[in-house]
Amino acid sequence: MSDDDLIEEAASAFRPRDPRDGRARPHPAWLDLDDAGRQAAFDAAARARPLEAALDPAGLSTTARAVLARIRPR
Amino acid sequence: MTAAAIDLDGELGAIVAGDPDAFARWVAGAEPPLRASLRPLAARVDCEAVLQEALLRIWQVAPRCRRDERPNALLRLGLRIARNLAIDELRRARGLSADEEALEVALARAAVVEPRAPDPLLRRAIEECRRALPQKPAAALEARLESAGAEPDQRLAERLRMKLNTFLQNVTRAKKLLAACLREHGVELEELT
């Protein structure tokens, strides 16, 4: 996969969870990126989340919805 | 388009009482400043994972938060939680070297971003731009939004019968097209972060 693809994947809100304690772990794509790629993924996520929030009826980004799903499982 | 800074502690009483809807409203305002505070460590720790854990921790410890004479007491507590989790993660990954202690200082001095109220005009502009997206980028973006971090992109791509790299390129294209469309409406994405 190209660096651009890795950056896009790492910029998503999906994070694997540690089977032992349920904590969110680093995305495998993030682990494959160099420092510049990781910074780019951070910036891509920071630009995307306000857009996601503006598109959501409750004003929540995918990060917020991922966390809230853990607080109030469906 | 800029919105006024707000005090999110209006939700604190309901959050302390265990109301997840109040916490959702708080998160909507608190996420951008919490994320921005982690930027100095973006190359060292996966800030998305740290941020999600920090938000969960904030929900758990909110009953211990007390309002004071300054606004955003829970956000200030949250900033400390996020910073400490990021440093813990850094220590766990490689140990905190002298260089990384400098990062700890950088974290403490990270740009302060104040929470902002949502902008209804922005919402309308984004929705309009989203409707103008071509089919495949629109479908990829929709899948990301619907999943809300619950599934890996590989699974979303399979559902859309796309290869993973095609799916990712469609998401990127959707975001670029949205950004270009918003620019035509006078909105720069950097203003939103």
# chains A, B, ... in the order shown; residues from 1 in each chain; ligands from 1
>>> residues_around(residues="Ala46 of chain A", least_positions_apart="2", cutoff="12 Å", atoms="only C-alpha atoms", output="PDB file with N, CA and C atoms, in the first residue's frame")
ATOM      1  N   ALA A  10      -4.933   5.324   8.614  1.00  0.00           N
ATOM      2  CA  ALA A  10      -4.595   5.709   9.993  1.00  0.00           C
ATOM      3  C   ALA A  10      -5.416   6.906  10.459  1.00  0.00           C
ATOM      4  N   ALA A  11      -5.951   7.672   9.507  1.00  0.00           N
ATOM      5  CA  ALA A  11      -6.752   8.851   9.872  1.00  0.00           C
ATOM      6  C   ALA A  11      -8.192   8.483  10.235  1.00  0.00           C
ATOM      7  N   SER A  12      -8.552   7.221  10.066  1.00  0.00           N
ATOM      8  CA  SER A  12      -9.918   6.815  10.429  1.00  0.00           C
ATOM      9  C   SER A  12     -10.037   6.708  11.948  1.00  0.00           C
ATOM     10  N   ALA A  13     -11.267   6.579  12.418  1.00  0.00           N
ATOM     11  CA  ALA A  13     -11.485   6.452  13.870  1.00  0.00           C
ATOM     12  C   ALA A  13     -11.393   5.004  14.333  1.00  0.00           C
ATOM     13  N   GLN A  39       2.465  12.293  11.220  1.00  0.00           N
ATOM     14  CA  GLN A  39       2.022  13.683  11.378  1.00  0.00           C
ATOM     15  C   GLN A  39       0.923  13.994  10.355  1.00  0.00           C
ATOM     16  N   ALA A  40       1.121  13.493   9.139  1.00  0.00           N
ATOM     17  CA  ALA A  40       0.118  13.732   8.093  1.00  0.00           C
ATOM     18  C   ALA A  40      -1.208  13.060   8.457  1.00  0.00           C
ATOM     19  N   ALA A  41      -1.130  11.863   9.043  1.00  0.00           N
ATOM     20  CA  ALA A  41      -2.359  11.162   9.450  1.00  0.00           C
ATOM     21  C   ALA A  41      -3.071  11.945  10.551  1.00  0.00           C
ATOM     22  N   PHE A  42      -2.294  12.483  11.495  1.00  0.00           N
ATOM     23  CA  PHE A  42      -2.888  13.294  12.564  1.00  0.00           C
ATOM     24  C   PHE A  42      -3.616  14.497  11.954  1.00  0.00           C
ATOM     25  N   ASP A  43      -2.925  15.180  11.031  1.00  0.00           N
ATOM     26  CA  ASP A  43      -3.519  16.387  10.433  1.00  0.00           C
ATOM     27  C   ASP A  43      -4.760  16.039   9.609  1.00  0.00           C
ATOM     28  N   ALA A  44      -4.703  14.893   8.912  1.00  0.00           N
ATOM     29  CA  ALA A  44      -5.867  14.472   8.116  1.00  0.00           C
ATOM     30  C   ALA A  44      -7.061  14.202   9.028  1.00  0.00           C
ATOM     31  N   ALA A  48     -10.630  16.095   9.179  1.00  0.00           N
ATOM     32  CA  ALA A  48     -11.835  15.316   8.859  1.00  0.00           C
ATOM     33  C   ALA A  48     -12.892  15.371   9.961  1.00  0.00           C
ATOM     34  N   ARG A  49     -12.460  15.374  11.227  1.00  0.00           N
ATOM     35  CA  ARG A  49     -13.443  15.237  12.313  1.00  0.00           C
ATOM     36  C   ARG A  49     -14.480  16.366  12.357  1.00  0.00           C
ATOM     37  N   PRO A  50     -14.076  17.635  12.146  1.00  0.00           N
ATOM     38  CA  PRO A  50     -15.124  18.681  12.131  1.00  0.00           C
ATOM     39  C   PRO A  50     -16.117  18.497  10.988  1.00  0.00           C
ATOM     40  N   LEU A  51     -15.627  17.975   9.857  1.00  0.00           N
ATOM     41  CA  LEU A  51     -16.541  17.692   8.741  1.00  0.00           C
ATOM     42  C   LEU A  51     -17.528  16.609   9.138  1.00  0.00           C
ATOM     43  N   GLU A  52     -17.008  15.544   9.747  1.00  0.00           N
ATOM     44  CA  GLU A  52     -17.873  14.439  10.172  1.00  0.00           C
ATOM     45  C   GLU A  52     -18.916  14.935  11.181  1.00  0.00           C
ATOM     46  N   ALA A  53     -18.450  15.760  12.096  1.00  0.00           N
ATOM     47  CA  ALA A  53     -19.363  16.274  13.125  1.00  0.00           C
ATOM     48  C   ALA A  53     -20.459  17.127  12.483  1.00  0.00           C
ATOM     49  N   SER A  61     -18.385  13.536  15.781  1.00  0.00           N
ATOM     50  CA  SER A  61     -17.422  12.969  14.831  1.00  0.00           C
ATOM     51  C   SER A  61     -17.427  11.447  14.982  1.00  0.00           C
ATOM     52  N   THR A  62     -16.698  10.767  14.096  1.00  0.00           N
ATOM     53  CA  THR A  62     -16.593   9.306  14.224  1.00  0.00           C
ATOM     54  C   THR A  62     -15.816   8.929  15.490  1.00  0.00           C
ATOM     55  N   THR A  63     -14.859   9.759  15.890  1.00  0.00           N
ATOM     56  CA  THR A  63     -14.151   9.508  17.154  1.00  0.00           C
ATOM     57  C   THR A  63     -15.132   9.531  18.321  1.00  0.00           C
TER      58      THR A  63
ATOM     59  N   GLU B  31     -13.776  17.702  21.839  1.00  0.00           N
ATOM     60  CA  GLU B  31     -12.851  16.891  21.027  1.00  0.00           C
ATOM     61  C   GLU B  31     -11.782  17.726  20.312  1.00  0.00           C
ATOM     62  N   PRO B  32     -12.152  18.829  19.625  1.00  0.00           N
ATOM     63  CA  PRO B  32     -11.094  19.570  18.905  1.00  0.00           C
ATOM     64  C   PRO B  32      -9.963  20.074  19.816  1.00  0.00           C
ATOM     65  N   PRO B  33     -10.255  20.707  20.970  1.00  0.00           N
ATOM     66  CA  PRO B  33      -9.121  21.125  21.813  1.00  0.00           C
ATOM     67  C   PRO B  33      -8.317  19.968  22.379  1.00  0.00           C
ATOM     68  N   LEU B  34      -8.993  18.847  22.714  1.00  0.00           N
ATOM     69  CA  LEU B  34      -8.243  17.697  23.234  1.00  0.00           C
ATOM     70  C   LEU B  34      -7.315  17.145  22.158  1.00  0.00           C
ATOM     71  N   ARG B  35      -7.832  17.037  20.927  1.00  0.00           N
ATOM     72  CA  ARG B  35      -6.998  16.510  19.831  1.00  0.00           C
ATOM     73  C   ARG B  35      -5.820  17.450  19.580  1.00  0.00           C
ATOM     74  N   ALA B  36      -6.110  18.746  19.519  1.00  0.00           N
ATOM     75  CA  ALA B  36      -5.050  19.718  19.227  1.00  0.00           C
ATOM     76  C   ALA B  36      -3.942  19.662  20.277  1.00  0.00           C
ATOM     77  N   SER B  37      -4.320  19.365  21.522  1.00  0.00           N
ATOM     78  CA  SER B  37      -3.319  19.341  22.599  1.00  0.00           C
ATOM     79  C   SER B  37      -2.309  18.214  22.406  1.00  0.00           C
ATOM     80  N   LEU B  38      -2.689  17.180  21.637  1.00  0.00           N
ATOM     81  CA  LEU B  38      -1.807  16.022  21.454  1.00  0.00           C
ATOM     82  C   LEU B  38      -0.876  16.170  20.258  1.00  0.00           C
ATOM     83  N   ARG B  39      -1.063  17.241  19.479  1.00  0.00           N
ATOM     84  CA  ARG B  39      -0.319  17.380  18.226  1.00  0.00           C
ATOM     85  C   ARG B  39       1.200  17.236  18.393  1.00  0.00           C
ATOM     86  N   ALA B  42       2.265  13.670  17.798  1.00  0.00           N
ATOM     87  CA  ALA B  42       1.612  12.942  16.705  1.00  0.00           C
ATOM     88  C   ALA B  42       2.523  11.943  16.010  1.00  0.00           C
ATOM     89  N   CYS B  47      -2.306   9.246  18.302  1.00  0.00           N
ATOM     90  CA  CYS B  47      -3.143  10.186  19.074  1.00  0.00           C
ATOM     91  C   CYS B  47      -4.628   9.829  19.005  1.00  0.00           C
ATOM     92  N   GLU B  48      -5.055   9.181  17.921  1.00  0.00           N
ATOM     93  CA  GLU B  48      -6.470   8.792  17.842  1.00  0.00           C
ATOM     94  C   GLU B  48      -6.784   7.781  18.953  1.00  0.00           C
ATOM     95  N   LEU B  51      -6.658   9.586  22.286  1.00  0.00           N
ATOM     96  CA  LEU B  51      -7.815  10.460  22.474  1.00  0.00           C
ATOM     97  C   LEU B  51      -9.055   9.652  22.866  1.00  0.00           C
ATOM     98  N   LEU B 189     -10.820  24.464   5.547  1.00  0.00           N
ATOM     99  CA  LEU B 189     -10.855  23.413   6.579  1.00  0.00           C
ATOM    100  C   LEU B 189      -9.958  23.747   7.761  1.00  0.00           C
ATOM    101  N   GLU B 190      -8.857  24.430   7.526  1.00  0.00           N
ATOM    102  CA  GLU B 190      -7.953  24.770   8.632  1.00  0.00           C
ATOM    103  C   GLU B 190      -8.671  25.620   9.677  1.00  0.00           C
ATOM    104  N   GLU B 191      -9.673  26.365   9.220  1.00  0.00           N
ATOM    105  CA  GLU B 191     -10.420  27.203  10.178  1.00  0.00           C
ATOM    106  C   GLU B 191     -11.196  26.336  11.171  1.00  0.00           C
ATOM    107  N   LEU B 192     -11.472  25.084  10.759  1.00  0.00           N
ATOM    108  CA  LEU B 192     -12.330  24.232  11.574  1.00  0.00           C
ATOM    109  C   LEU B 192     -11.544  23.470  12.612  1.00  0.00           C
ATOM    110  N   THR B 193     -10.212  23.466  12.510  1.00  0.00           N
ATOM    111  CA  THR B 193      -9.439  22.606  13.398  1.00  0.00           C
ATOM    112  C   THR B 193      -8.736  23.438  14.468  1.00  0.00           C
TER     113      THR B 193
END
>>> residues_around(residues="segment 136-149 of chain B", least_positions_apart="2", cutoff="6 Å", atoms="only C-alpha atoms", output="tab-separated table (two decimals) with N, CA, C and O atoms, in the first residue's frame")
chain	number	residue	atom	x	y	z
A	13	ALA	N	-11.27	6.58	12.42
A	13	ALA	CA	-11.49	6.45	13.87
A	13	ALA	C	-11.39	5.00	14.33
A	13	ALA	O	-11.40	4.75	15.54
A	14	PHE	N	-11.31	4.07	13.40
A	14	PHE	CA	-11.21	2.67	13.83
A	14	PHE	C	-9.88	2.43	14.52
A	14	PHE	O	-8.83	2.82	14.03
A	62	THR	N	-16.70	10.77	14.10
A	62	THR	CA	-16.59	9.31	14.22
A	62	THR	C	-15.82	8.93	15.49
A	62	THR	O	-16.09	7.90	16.10
A	65	ARG	N	-18.33	9.15	18.27
A	65	ARG	CA	-19.31	8.05	18.21
A	65	ARG	C	-18.66	6.72	18.60
A	65	ARG	O	-19.31	5.86	19.21
A	66	ALA	N	-17.38	6.55	18.26
A	66	ALA	CA	-16.68	5.31	18.67
A	66	ALA	C	-16.60	5.23	20.19
A	66	ALA	O	-16.81	4.16	20.78
B	133	LEU	N	-21.17	15.04	-4.34
B	133	LEU	CA	-20.06	14.11	-4.55
B	133	LEU	C	-20.41	13.05	-5.59
B	133	LEU	O	-21.55	12.59	-5.64
B	134	PRO	N	-19.42	12.61	-6.39
B	134	PRO	CA	-19.65	11.48	-7.29
B	134	PRO	C	-19.98	10.22	-6.48
B	134	PRO	O	-19.64	10.13	-5.29
B	151	GLU	N	-15.57	-0.58	12.62
B	151	GLU	CA	-15.04	-1.65	11.77
B	151	GLU	C	-13.80	-1.15	11.02
B	151	GLU	O	-13.73	0.02	10.66
B	170	ASN	N	-10.93	6.50	-2.60
B	170	ASN	CA	-12.25	7.15	-2.73
B	170	ASN	C	-12.57	8.02	-1.52
B	170	ASN	O	-13.17	9.09	-1.66
B	171	VAL	N	-12.17	7.57	-0.33
B	171	VAL	CA	-12.38	8.40	0.87
B	171	VAL	C	-11.57	9.69	0.74
B	171	VAL	O	-12.08	10.79	0.98
B	174	ALA	N	-13.16	11.95	-1.76
B	174	ALA	CA	-14.37	12.57	-1.22
B	174	ALA	C	-14.01	13.77	-0.35
B	174	ALA	O	-14.62	14.85	-0.44
>>> select_by_dssp(residues="segment 7-61 of chain A", states="helix (DSSP H, G or I)", output="ChimeraX atom specification")
/A:7-10,28-31,35-55
>>> residues_around(residues="Ala64 of chain A", least_positions_apart="3", cutoff="8 Å", atoms="only C-alpha atoms", output="list in words")
Leu60, Ser61, Val67 and Leu68 of chain A; Ala24, Val27, Ala28, Glu31 and Gln52 of chain B
